[in-house]
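Enquirer: What follows is the file protein-v3.pdb, containing PDB, C-alpha atoms:
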ATOM      1  CA  MET A   1     -10.020  -5.807  53.615
ATOM      2  CA  LYS A   2     -11.449  -8.177  56.223
ATOM      3  CA  SER A   3     -13.941  -6.668  58.561
ATOM      4  CA  ASN A   4     -16.240  -7.778  61.352
ATOM      5  CA  PHE A   5     -18.906  -5.424  60.094
ATOM      6  CA  SER A   6     -22.268  -7.122  59.858
ATOM      7  CA  TYR A   7     -23.416  -6.326  56.337
ATOM      8  CA  GLY A   8     -26.379  -8.673  56.455
ATOM      9  CA  ASP A   9     -28.478  -6.765  58.981
ATOM     10  CA  CYS A  10     -26.918  -3.315  59.273
ATOM     11  CA  THR A  11     -28.982  -0.140  59.357
ATOM     12  CA  GLU A  12     -28.453   2.836  57.055
ATOM     13  CA  GLU A  13     -26.700   4.640  59.901
ATOM     14  CA  GLN A  14     -24.340   1.757  60.622
ATOM     15  CA  LEU A  15     -23.447   1.353  56.957
ATOM     16  CA  TRP A  16     -22.932   5.120  56.600
ATOM     17  CA  ARG A  17     -20.500   5.170  59.514
ATOM     18  CA  HIS A  18     -18.676   2.123  58.165
ATOM     19  CA  VAL A  19     -18.378   3.216  54.537
ATOM     20  CA  ALA A  20     -17.844   6.947  55.133
ATOM     21  CA  GLY A  21     -15.280   6.172  57.837
ATOM     22  CA  HIS A  22     -13.330   3.953  55.445
ATOM     23  CA  LEU A  23     -13.483   6.518  52.629
ATOM     24  CA  GLU A  24     -12.439   9.328  54.962
ATOM     25  CA  ALA A  25      -9.542   7.248  56.290
ATOM     26  CA  SER A  26      -8.445   6.675  52.685
ATOM     27  CA  GLY A  27      -8.517  10.414  51.933
ATOM     28  CA  PHE A  28     -11.925  10.601  50.234
ATOM     29  CA  PRO A  29     -14.292  12.791  52.259
ATOM     30  CA  VAL A  30     -17.960  12.280  51.444
ATOM     31  CA  VAL A  31     -21.247  13.764  52.667
ATOM     32  CA  LEU A  32     -24.342  11.654  53.268
ATOM     33  CA  VAL A  33     -27.399  13.132  51.511
ATOM     34  CA  GLY A  34     -30.881  12.003  50.446
ATOM     35  CA  GLY A  35     -33.226   9.575  52.151
ATOM     36  CA  ALA A  36     -30.543   7.838  54.217
ATOM     37  CA  VAL A  37     -30.154  11.063  56.193
ATOM     38  CA  VAL A  38     -33.808  10.695  57.183
ATOM     39  CA  SER A  39     -33.071   7.135  58.308
ATOM     40  CA  VAL A  40     -30.243   8.411  60.506
ATOM     41  CA  TYR A  41     -32.174  11.323  62.033
ATOM     42  CA  SER A  42     -35.392   9.366  62.513
ATOM     43  CA  ARG A  43     -33.382   6.618  64.213
ATOM     44  CA  GLY A  44     -34.564   4.013  61.732
ATOM     45  CA  ALA A  45     -38.258   4.992  61.682
ATOM     46  CA  TYR A  46     -37.750   5.488  57.946
ATOM     47  CA  ARG A  47     -35.717   3.016  55.867
ATOM     48  CA  SER A  48     -34.310   4.465  52.657
ATOM     49  CA  GLY A  49     -32.818   1.273  51.248
ATOM     50  CA  ASP A  50     -29.816   3.091  49.840
ATOM     51  CA  LEU A  51     -27.072   5.512  50.784
ATOM     52  CA  ASP A  52     -26.441   8.557  48.605
ATOM     53  CA  PHE A  53     -23.118  10.293  48.990
ATOM     54  CA  VAL A  54     -21.695  13.455  47.486
ATOM     55  CA  GLN A  55     -17.939  13.241  47.129
ATOM     56  CA  GLU A  56     -16.022  16.381  47.981
ATOM     57  CA  GLY A  57     -13.843  17.870  45.248
ATOM     58  CA  LEU A  58     -14.686  18.815  41.671
ATOM     59  CA  TYR A  59     -12.152  16.489  40.047
ATOM     60  CA  ALA A  60     -12.374  13.755  42.651
ATOM     61  CA  GLU A  61     -10.969  10.326  41.847
ATOM     62  CA  PRO A  62     -13.241   7.336  41.254
ATOM     63  CA  LEU A  63     -13.857   5.389  44.433
ATOM     64  CA  ASP A  64     -14.166   1.925  42.913
ATOM     65  CA  GLY A  65     -10.812   0.737  44.273
ATOM     66  CA  CYS A  66     -11.376   2.096  47.762
ATOM     67  CA  LEU A  67     -14.874   0.576  47.966
ATOM     68  CA  ALA A  68     -13.578  -2.737  46.610
ATOM     69  CA  GLU A  69     -11.429  -2.935  49.753
ATOM     70  CA  LEU A  70     -14.723  -3.253  51.667
ATOM     71  CA  GLY A  71     -16.116  -5.762  49.194
ATOM     72  CA  PHE A  72     -18.329  -3.393  47.190
ATOM     73  CA  ALA A  73     -18.510  -3.739  43.422
ATOM     74  CA  ARG A  74     -19.952  -1.297  40.920
ATOM     75  CA  ARG A  75     -23.209  -2.291  39.268
ATOM     76  CA  GLY A  76     -24.186   0.494  36.892
ATOM     77  CA  ARG A  77     -24.400   3.633  38.989
ATOM     78  CA  HIS A  78     -24.575   1.744  42.268
ATOM     79  CA  PHE A  79     -22.143  -0.076  44.479
ATOM     80  CA  VAL A  80     -23.399  -3.343  45.899
ATOM     81  CA  HIS A  81     -22.002  -5.689  48.507
ATOM     82  CA  PRO A  82     -22.610  -9.440  48.233
ATOM     83  CA  ASP A  83     -23.539  -9.693  51.931
ATOM     84  CA  CYS A  84     -25.655  -6.543  52.023
ATOM     85  CA  LYS A  85     -28.794  -7.327  50.060
ATOM     86  CA  HIS A  86     -30.969  -4.626  51.619
ATOM     87  CA  LEU A  87     -28.805  -1.545  51.041
ATOM     88  CA  PHE A  88     -26.694  -0.188  48.221
ATOM     89  CA  VAL A  89     -24.440   2.805  47.850
ATOM     90  CA  GLU A  90     -24.584   5.524  45.203
ATOM     91  CA  PHE A  91     -22.570   8.666  44.551
ATOM     92  CA  VAL A  92     -24.618  11.569  43.292
ATOM     93  CA  ALA A  93     -23.268  14.567  41.431
ATOM     94  CA  GLY A  94     -22.189  17.558  43.471
ATOM     95  CA  PRO A  95     -21.897  20.274  44.459
ATOM     96  CA  LEU A  96     -24.063  20.165  47.561
ATOM     97  CA  GLY A  97     -27.068  22.383  47.119
ATOM     98  CA  ILE A  98     -30.702  22.748  48.024
ATOM     99  CA  GLY A  99     -32.729  24.768  45.567
ATOM    100  CA  ASP A 100     -30.726  27.901  44.905
ATOM    101  CA  ASP A 101     -28.781  27.564  48.133
ATOM    102  CA  LEU A 102     -25.254  26.341  47.458
ATOM    103  CA  ASP A 103     -23.939  27.416  50.835
ATOM    104  CA  ILE A 104     -24.455  24.099  52.595
ATOM    105  CA  THR A 105     -22.389  23.242  55.649
ATOM    106  CA  PRO A 106     -22.709  19.583  56.576
ATOM    107  CA  THR A 107     -22.914  18.476  60.181
ATOM    108  CA  THR A 108     -19.723  16.721  61.195
ATOM    109  CA  GLU A 109     -18.820  14.306  63.917
ATOM    110  CA  VAL A 110     -15.561  12.580  64.703
ATOM    111  CA  GLU A 111     -15.578   8.835  65.117
ATOM    112  CA  ASP A 112     -12.410   6.775  65.607
ATOM    113  CA  GLY A 113     -10.385   9.789  64.496
ATOM    114  CA  HIS A 114     -12.319  10.157  61.231
ATOM    115  CA  THR A 115     -14.662  12.996  60.386
ATOM    116  CA  LEU A 116     -18.090  11.875  59.219
ATOM    117  CA  ARG A 117     -20.219  14.327  57.277
ATOM    118  CA  ILE A 118     -23.986  14.407  56.901
ATOM    119  CA  LEU A 119     -26.567  17.014  55.879
ATOM    120  CA  SER A 120     -27.756  18.893  58.965
ATOM    121  CA  PRO A 121     -31.311  18.167  60.179
ATOM    122  CA  THR A 122     -32.452  21.584  58.891
ATOM    123  CA  ASP A 123     -30.918  20.959  55.451
ATOM    124  CA  CYS A 124     -32.339  17.441  55.397
ATOM    125  CA  VAL A 125     -35.818  18.892  55.964
ATOM    126  CA  ARG A 126     -35.259  21.446  53.176
ATOM    127  CA  ASP A 127     -33.955  18.718  50.846
ATOM    128  CA  ARG A 128     -37.008  16.522  51.440
ATOM    129  CA  LEU A 129     -39.330  19.494  51.018
ATOM    130  CA  ALA A 130     -37.617  20.255  47.701
ATOM    131  CA  SER A 131     -38.575  16.766  46.500
ATOM    132  CA  TYR A 132     -42.121  17.318  47.722
ATOM    133  CA  ILE A 133     -42.369  20.691  46.009
ATOM    134  CA  HIS A 134     -40.715  19.788  42.703
ATOM    135  CA  PHE A 135     -41.539  16.089  42.269
ATOM    136  CA  LYS A 136     -44.857  16.105  44.169
ATOM    137  CA  ALA A 137     -43.460  13.210  46.194
ATOM    138  CA  ARG A 138     -45.849  13.127  49.168
ATOM    139  CA  ASP A 139     -43.678  10.616  51.043
ATOM    140  CA  CYS A 140     -40.920  13.225  51.126
ATOM    141  CA  LEU A 141     -43.176  15.575  53.113
ATOM    142  CA  ASP A 142     -43.643  12.759  55.631
ATOM    143  CA  GLN A 143     -39.876  12.268  55.761
ATOM    144  CA  ALA A 144     -39.330  15.985  56.373
ATOM    145  CA  ALA A 145     -41.842  15.829  59.226
ATOM    146  CA  LEU A 146     -40.134  12.777  60.740
ATOM    147  CA  VAL A 147     -36.832  14.648  60.877
ATOM    148  CA  ALA A 148     -38.328  17.922  62.093
ATOM    149  CA  SER A 149     -40.095  16.036  64.873
ATOM    150  CA  ALA A 150     -37.102  13.960  65.945
ATOM    151  CA  GLN A 151     -34.351  16.579  65.657
ATOM    152  CA  PRO A 152     -33.857  20.236  66.552
ATOM    153  CA  VAL A 153     -34.231  22.234  63.343
ATOM    154  CA  ASN A 154     -34.055  25.920  62.494
ATOM    155  CA  TRP A 155     -37.621  26.797  61.572
ATOM    156  CA  ASP A 156     -36.683  30.323  60.498
ATOM    157  CA  ILE A 157     -34.342  28.949  57.820
ATOM    158  CA  ILE A 158     -36.902  26.374  56.682
ATOM    159  CA  GLU A 159     -39.646  28.994  56.451
ATOM    160  CA  ALA A 160     -37.529  31.506  54.528
ATOM    161  CA  TRP A 161     -36.389  28.792  52.122
ATOM    162  CA  CYS A 162     -39.921  27.471  51.558
ATOM    163  CA  LEU A 163     -41.284  30.902  50.746
ATOM    164  CA  HIS A 164     -38.437  31.545  48.316
ATOM    165  CA  GLU A 165     -38.550  28.112  46.680
ATOM    166  CA  SER A 166     -42.196  27.954  45.755
ATOM    167  CA  THR A 167     -45.230  30.182  45.344
ATOM    168  CA  ASN A 168     -46.935  27.417  47.289
ATOM    169  CA  GLY A 169     -44.274  27.588  50.020
ATOM    170  CA  ALA A 170     -46.571  28.906  52.749
ATOM    171  CA  ALA A 171     -49.010  26.023  52.232
ATOM    172  CA  VAL A 172     -46.166  23.488  52.232
ATOM    173  CA  LEU A 173     -44.914  24.916  55.487
ATOM    174  CA  ARG A 174     -48.381  24.701  57.044
ATOM    175  CA  GLU A 175     -48.648  21.048  55.997
ATOM    176  CA  LEU A 176     -45.253  20.325  57.484
ATOM    177  CA  ARG A 177     -46.026  21.993  60.805
ATOM    178  CA  LYS A 178     -49.347  20.126  61.019
ATOM    179  CA  LEU A 179     -47.624  16.777  60.466
ATOM    180  CA  VAL A 180     -44.909  17.583  62.991
ATOM    181  CA  ARG A 181     -47.531  18.529  65.596
ATOM    182  CA  ARG A 182     -49.275  15.216  65.006
ATOM    183  CA  LEU A 183     -46.024  13.246  65.313
ATOM    184  CA  ASP A 184     -45.083  15.157  68.470
ATOM    185  CA  ALA A 185     -48.508  14.453  69.966
ATOM    186  CA  ASP A 186     -48.223  10.737  69.103
ATOM    187  CA  ALA A 187     -44.791  10.618  70.734
ATOM    188  CA  GLY A 188     -46.210  12.059  73.960
ATOM    189  CA  PRO A 189     -44.408  14.165  76.557
TER     190      PRO A 189
ATOM    191  CA  MET B  22     -20.135  29.125  12.804
ATOM    192  CA  GLU B  23     -21.132  26.768  15.616
ATOM    193  CA  ASN B  24     -23.372  28.408  18.200
ATOM    194  CA  PRO B  25     -21.761  29.091  21.605
ATOM    195  CA  LEU B  26     -24.065  26.669  23.443
ATOM    196  CA  ALA B  27     -22.992  23.832  21.140
ATOM    197  CA  ILE B  28     -19.330  24.768  21.609
ATOM    198  CA  LEU B  29     -19.797  24.589  25.362
ATOM    199  CA  LEU B  30     -21.947  21.452  25.626
ATOM    200  CA  GLY B  31     -21.589  19.707  22.268
ATOM    201  CA  ARG B  32     -24.216  19.666  19.520
ATOM    202  CA  THR B  33     -26.472  16.897  20.828
ATOM    203  CA  ALA B  34     -26.482  18.073  24.450
ATOM    204  CA  SER B  35     -27.125  21.682  23.432
ATOM    205  CA  LYS B  36     -30.054  20.645  21.229
ATOM    206  CA  LEU B  37     -31.420  18.478  24.029
ATOM    207  CA  LEU B  38     -31.206  21.336  26.495
ATOM    208  CA  LEU B  39     -33.195  23.613  24.177
ATOM    209  CA  TYR B  40     -35.605  20.755  23.495
ATOM    210  CA  LEU B  41     -36.179  20.271  27.241
ATOM    211  CA  ILE B  42     -36.739  23.996  27.711
ATOM    212  CA  HIS B  43     -39.261  23.983  24.841
ATOM    213  CA  TYR B  44     -41.213  20.822  25.712
ATOM    214  CA  GLY B  45     -40.491  20.547  29.425
ATOM    215  CA  GLU B  46     -39.695  16.843  29.048
ATOM    216  CA  ALA B  47     -38.086  14.423  26.614
ATOM    217  CA  TYR B  48     -37.889  10.754  25.803
ATOM    218  CA  ALA B  49     -35.120   9.345  23.680
ATOM    219  CA  THR B  50     -37.131   8.147  20.663
ATOM    220  CA  GLY B  51     -39.196  11.324  20.347
ATOM    221  CA  ALA B  52     -36.276  13.685  20.866
ATOM    222  CA  ALA B  53     -34.095  11.768  18.402
ATOM    223  CA  LYS B  54     -36.822  11.888  15.753
ATOM    224  CA  ASP B  55     -37.576  15.581  16.253
ATOM    225  CA  LEU B  56     -33.955  16.648  16.399
ATOM    226  CA  GLY B  57     -32.818  14.375  13.581
ATOM    227  CA  VAL B  58     -30.165  12.832  15.780
ATOM    228  CA  ASN B  59     -29.276   9.174  16.169
ATOM    229  CA  GLN B  60     -31.408   7.621  18.928
ATOM    230  CA  SER B  61     -28.551   5.901  20.739
ATOM    231  CA  ALA B  62     -26.605   9.173  20.775
ATOM    232  CA  VAL B  63     -29.612  10.915  22.333
ATOM    233  CA  GLN B  64     -30.089   8.101  24.856
ATOM    234  CA  ARG B  65     -26.407   8.222  25.822
ATOM    235  CA  GLN B  66     -26.528  11.979  26.229
ATOM    236  CA  LEU B  67     -29.703  11.872  28.344
ATOM    237  CA  GLU B  68     -28.139   9.255  30.619
ATOM    238  CA  LYS B  69     -24.945  11.273  30.887
ATOM    239  CA  LEU B  70     -26.836  14.444  31.797
ATOM    240  CA  GLU B  71     -28.880  12.487  34.339
ATOM    241  CA  GLY B  72     -25.735  10.997  35.874
ATOM    242  CA  ALA B  73     -24.348  14.504  36.263
ATOM    243  CA  GLY B  74     -27.484  15.579  38.123
ATOM    244  CA  PHE B  75     -28.742  17.955  35.414
ATOM    245  CA  LEU B  76     -31.727  15.766  34.550
ATOM    246  CA  VAL B  77     -34.058  13.460  36.427
ATOM    247  CA  SER B  78     -36.123  10.705  34.880
ATOM    248  CA  LYS B  79     -39.109   8.509  35.611
ATOM    249  CA  LEU B  80     -40.737   5.596  33.866
ATOM    250  CA  VAL B  81     -44.139   6.303  32.328
ATOM    251  CA  GLY B  82     -45.377   2.958  31.080
ATOM    252  CA  ARG B  83     -42.347   1.634  29.261
ATOM    253  CA  THR B  84     -40.985   5.042  28.362
ATOM    254  CA  ARG B  85     -38.300   6.820  30.368
ATOM    255  CA  LEU B  86     -39.196  10.481  30.574
ATOM    256  CA  TYR B  87     -36.486  13.061  31.335
ATOM    257  CA  THR B  88     -36.865  16.567  32.742
ATOM    258  CA  ILE B  89     -34.402  19.207  33.904
ATOM    259  CA  ASN B  90     -33.755  18.531  37.597
ATOM    260  CA  PRO B  91     -35.579  21.352  39.393
ATOM    261  CA  LYS B  92     -33.920  20.452  42.701
ATOM    262  CA  ASN B  93     -30.372  20.738  41.463
ATOM    263  CA  PRO B  94     -28.804  24.217  41.712
ATOM    264  CA  THR B  95     -26.420  23.634  38.804
ATOM    265  CA  ALA B  96     -29.260  22.315  36.652
ATOM    266  CA  ARG B  97     -31.148  25.522  37.367
ATOM    267  CA  LYS B  98     -28.160  27.550  36.188
ATOM    268  CA  LEU B  99     -27.913  25.388  33.077
ATOM    269  CA  ARG B 100     -31.579  26.034  32.350
ATOM    270  CA  GLU B 101     -30.992  29.770  32.745
ATOM    271  CA  LEU B 102     -28.083  29.581  30.311
ATOM    272  CA  GLY B 103     -30.126  27.540  27.844
ATOM    273  CA  ALA B 104     -33.018  29.997  28.166
ATOM    274  CA  VAL B 105     -30.785  32.832  26.981
ATOM    275  CA  PHE B 106     -30.229  30.968  23.703
ATOM    276  CA  TYR B 107     -33.796  29.679  23.505
ATOM    277  CA  GLU B 108     -35.188  33.208  23.780
ATOM    278  CA  ALA B 109     -32.803  34.337  21.053
ATOM    279  CA  MET B 110     -34.143  31.759  18.574
ATOM    280  CA  THR B 111     -36.487  32.958  15.855
ATOM    281  CA  MET B 112     -39.971  31.437  15.591
ATOM    282  CA  LYS B 113     -38.859  29.785  12.368
ATOM    283  CA  GLU B 114     -35.881  28.155  14.064
ATOM    284  CA  ARG B 115     -38.113  26.897  16.869
ATOM    285  CA  GLU B 116     -40.601  25.411  14.438
ATOM    286  CA  LYS B 117     -37.752  23.657  12.644
ATOM    287  CA  LEU B 118     -36.105  22.296  15.789
ATOM    288  CA  PHE B 119     -39.338  21.472  17.631
ATOM    289  CA  PRO B 120     -41.752  20.353  14.919
ATOM    290  CA  THR B 121     -43.993  18.108  16.991
ATOM    291  CA  ARG B 122     -46.937  19.291  19.059
ATOM    292  CA  ARG B 123     -46.631  17.499  22.361
ATOM    293  CA  ARG B 124     -49.239  19.262  24.453
ATOM    294  CA  PRO B 125     -52.401  17.299  25.395
ATOM    295  CA  ARG B 126     -54.816  16.742  22.513
ATOM    296  CA  ARG B 127     -58.339  15.364  22.641
ATOM    297  CA  PRO B 128     -58.532  11.933  20.955
ATOM    298  CA  GLY B 129     -60.027  12.117  17.468
ATOM    299  CA  LYS B 130     -59.450  15.849  17.050
ATOM    300  CA  PRO B 131     -58.376  16.455  13.428
ATOM    301  CA  THR B 132     -54.783  17.524  12.846
ATOM    302  CA  LEU B 133     -53.853  20.264  10.404
ATOM    303  CA  GLU B 134     -50.567  19.836   8.568
ATOM    304  CA  ARG B 135     -48.051  22.408   9.796
TER     305      ARG B 135
END
Could you render the structure from this file as structure tokens?
Expert:
Amino acid sequence: MKSNFSYGDCTEEQLWRHVAGHLEASGFPVVLVGGAVVSVYSRGAYRSGDLDFVQEGLYAEPLDGCLAELGFARRGRHFVHPDCKHLFVEFVAGPLGIGDDLDITPTTEVEDGHTLRILSPTDCVRDRLASYIHFKARDCLDQAALVASAQPVNWDIIEAWCLHESTNGAAVLRELRKLVRRLDADAGP
Amino acid sequence: MENPLAILLGRTASKLLLYLIHYGEAYATGAAKDLGVNQSAVQRQLEKLEGAGFLVSKLVGRTRLYTINPKNPTARKLRELGAVFYEAMTMKEREKLFPTRRRPRRPGKPTLER
């Protein structure tokens, strides 16, 4: 499929809209998860370098053919585009879930008649905190703070989840709030 | 009679699950040696389980180390299921299936034959 999409310099958000829109139009709904969600919600302040999608449906069909229409080819677990050297696409195993919480409702928006799905800002913060808690990935705490500072989030849900997820949950939450305060102060009124 | 976990997951995957519960982590060469399973079969199974989200891995030096994915809700359920069978194993069975001590050990400390 020919397209005027600028693969060479697109952002994570632009590529998400392009790819997810095409998949949705072809009958393959997907949800954006992982670091690319941070890129979207932080308006590019964080660059993930990849797009992770969860495909809806337990026995969903492979997407190789549909992505080939955009010029993507499978390389191992990833899909790469010859003109898009800075971003690649990956499909991670479902179902959607954060810790023990499997009741995840993605945020949706309609663009050109297609529904695009992405983790909500609150779930994105929980997802990044899960990586911080379980993988000790300090950068993921920073990512959670970026999102919590840039987007409205439900702090009650985040707090309850943190306390349930880890015995260290209260400390994690304190660290997050401290970082968010600092980011908010840097951003000014 | 094949044990129910092996019927559900297959022999290699079921052994790997118990192995991961016992040691907390696994690398293909070590797990293959301990479990007496072909190394490429273990490697394939680890990659398959990682692709399905049940495991995560990281490189430590030149070794790829796998653990049960603590972030993934289905992996947590799988661990719970595996734990039921792990807890039901006798000490003798555990010693047979997990013969290697993999906890930290001071260099030079003498080893007693087990």
Enquirer: Dump as a PyMOL selection string the residues of chain A that approach chain B to within 9 Å, counting only C-alpha atoms.
Expert: chain A and resi 77+92-102+127+130-131+134-135
Enquirer: Which one is closest to Ala25 in chain A: A:Thr11, A:Thr115, A:Asn4, A:Asn168? Count all atoms listed in the file.
Expert: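 Of the candidates, the smallest distance to Ala25 in chain A is held by A:Thr115.
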Enquirer: Report as AutoDock Vina command-line options the centre and the edge lengths, in Å to one decimal, of the axis-aligned box holding every listed atom of range 8-13 of chain A, padded by 4 Å on each side.
Expert:
--center_x -27.7 --center_y -2.0 --center_z 58.2 --size_x 10.6 --size_y 21.3 --size_z 11.4
Enquirer: Select, counting all atoms listed in the file, all protein, DNA and RNA residues no farther than 9 Å from (-36.9, 15.5, 16.1) in file coordinates, and express the selection as a ChimeraX atom specification.
Expert: /B:50-58,117-121
Enquirer: Which residue, A:Ala160, A:Leu15, A:Ala144, A:Cys84, has the smallest gap to Leu129 in chain A when you use all atoms listed in the file?
Expert: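 Of the candidates, the smallest distance to Leu129 in chain A is held by A:Ala144.
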Enquirer: Pick out the closest residue to Arg83 in chain B from this set: B:Leu26, B:Leu37, B:Val105, B:Ala49. Count all atoms listed in the file.
Expert: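 Selected residue with least distance to Arg83 in chain B: B:Ala49.
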Enquirer: Evaluated on this file, the PyMOL selection byres ((chain B and resi 25) around 12) picks out some residues - which ones are they, written as a PyMOL selection string?
Expert: chain B and resi 22-24+26-32+35-36+102-103+105-106
Enquirer: Grab the CA of Tyr87 in chain B to CA of Glu68 in chain B distance for me, in Å with one decimal place.
Expert: 9.2 Å
Enquirer: Could you pull the residues within 9 Å of Tyr107 in chain B, counting only C-alpha atoms, minus those fewer than 5 positions along the same chain, as a PyMOL selection string?
Expert: chain B and resi 39+42-43+102+115
Enquirer: Can you tell me how far CA of Lys178 in chain A sits from CA of Ile158 in chain A, in Å to one decimal?
Expert: 14.6 Å
Enquirer: Please provide as number ranges by chain all residues within 8 Å of Val19 in chain A, with the sequence filter that same-chain residues fewer than 4 positions apart are discarded (counting only C-alpha atoms).
Expert: A: 15, 23, 67, 70
Enquirer: Suppose you want the space between CA of Ala60 in chain A and CA of Phe28 in chain A; what is it in Å?
Expert: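 Taking CA of Ala60 in chain A and CA of Phe28 in chain A, their separation equals 8.2 Å.
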Enquirer: Could you check the closest approach to Phe91 in chain A for each of A:Ala68, A:Val30, A:Ile118, A:Leu163 and tell me which residue wins, using all atoms listed in the file?
Expert: A:Val30
Enquirer: Going by the chain IDs and residue numbers used in this file, which residues fall under the PyMOL selection byres ((chain A and resi 88) around 6)? Write them as an MDAnalysis selection string.
Expert: chainID A and resid 50 79:80 87 89
Enquirer: Residue by residue, what does the PyMOL selection byres ((chain A and resi 145) around 8) grab here? Present the result as a PyMOL selection string.
Expert: chain A and resi 125+141-144+146-149+176-177+179-180+183
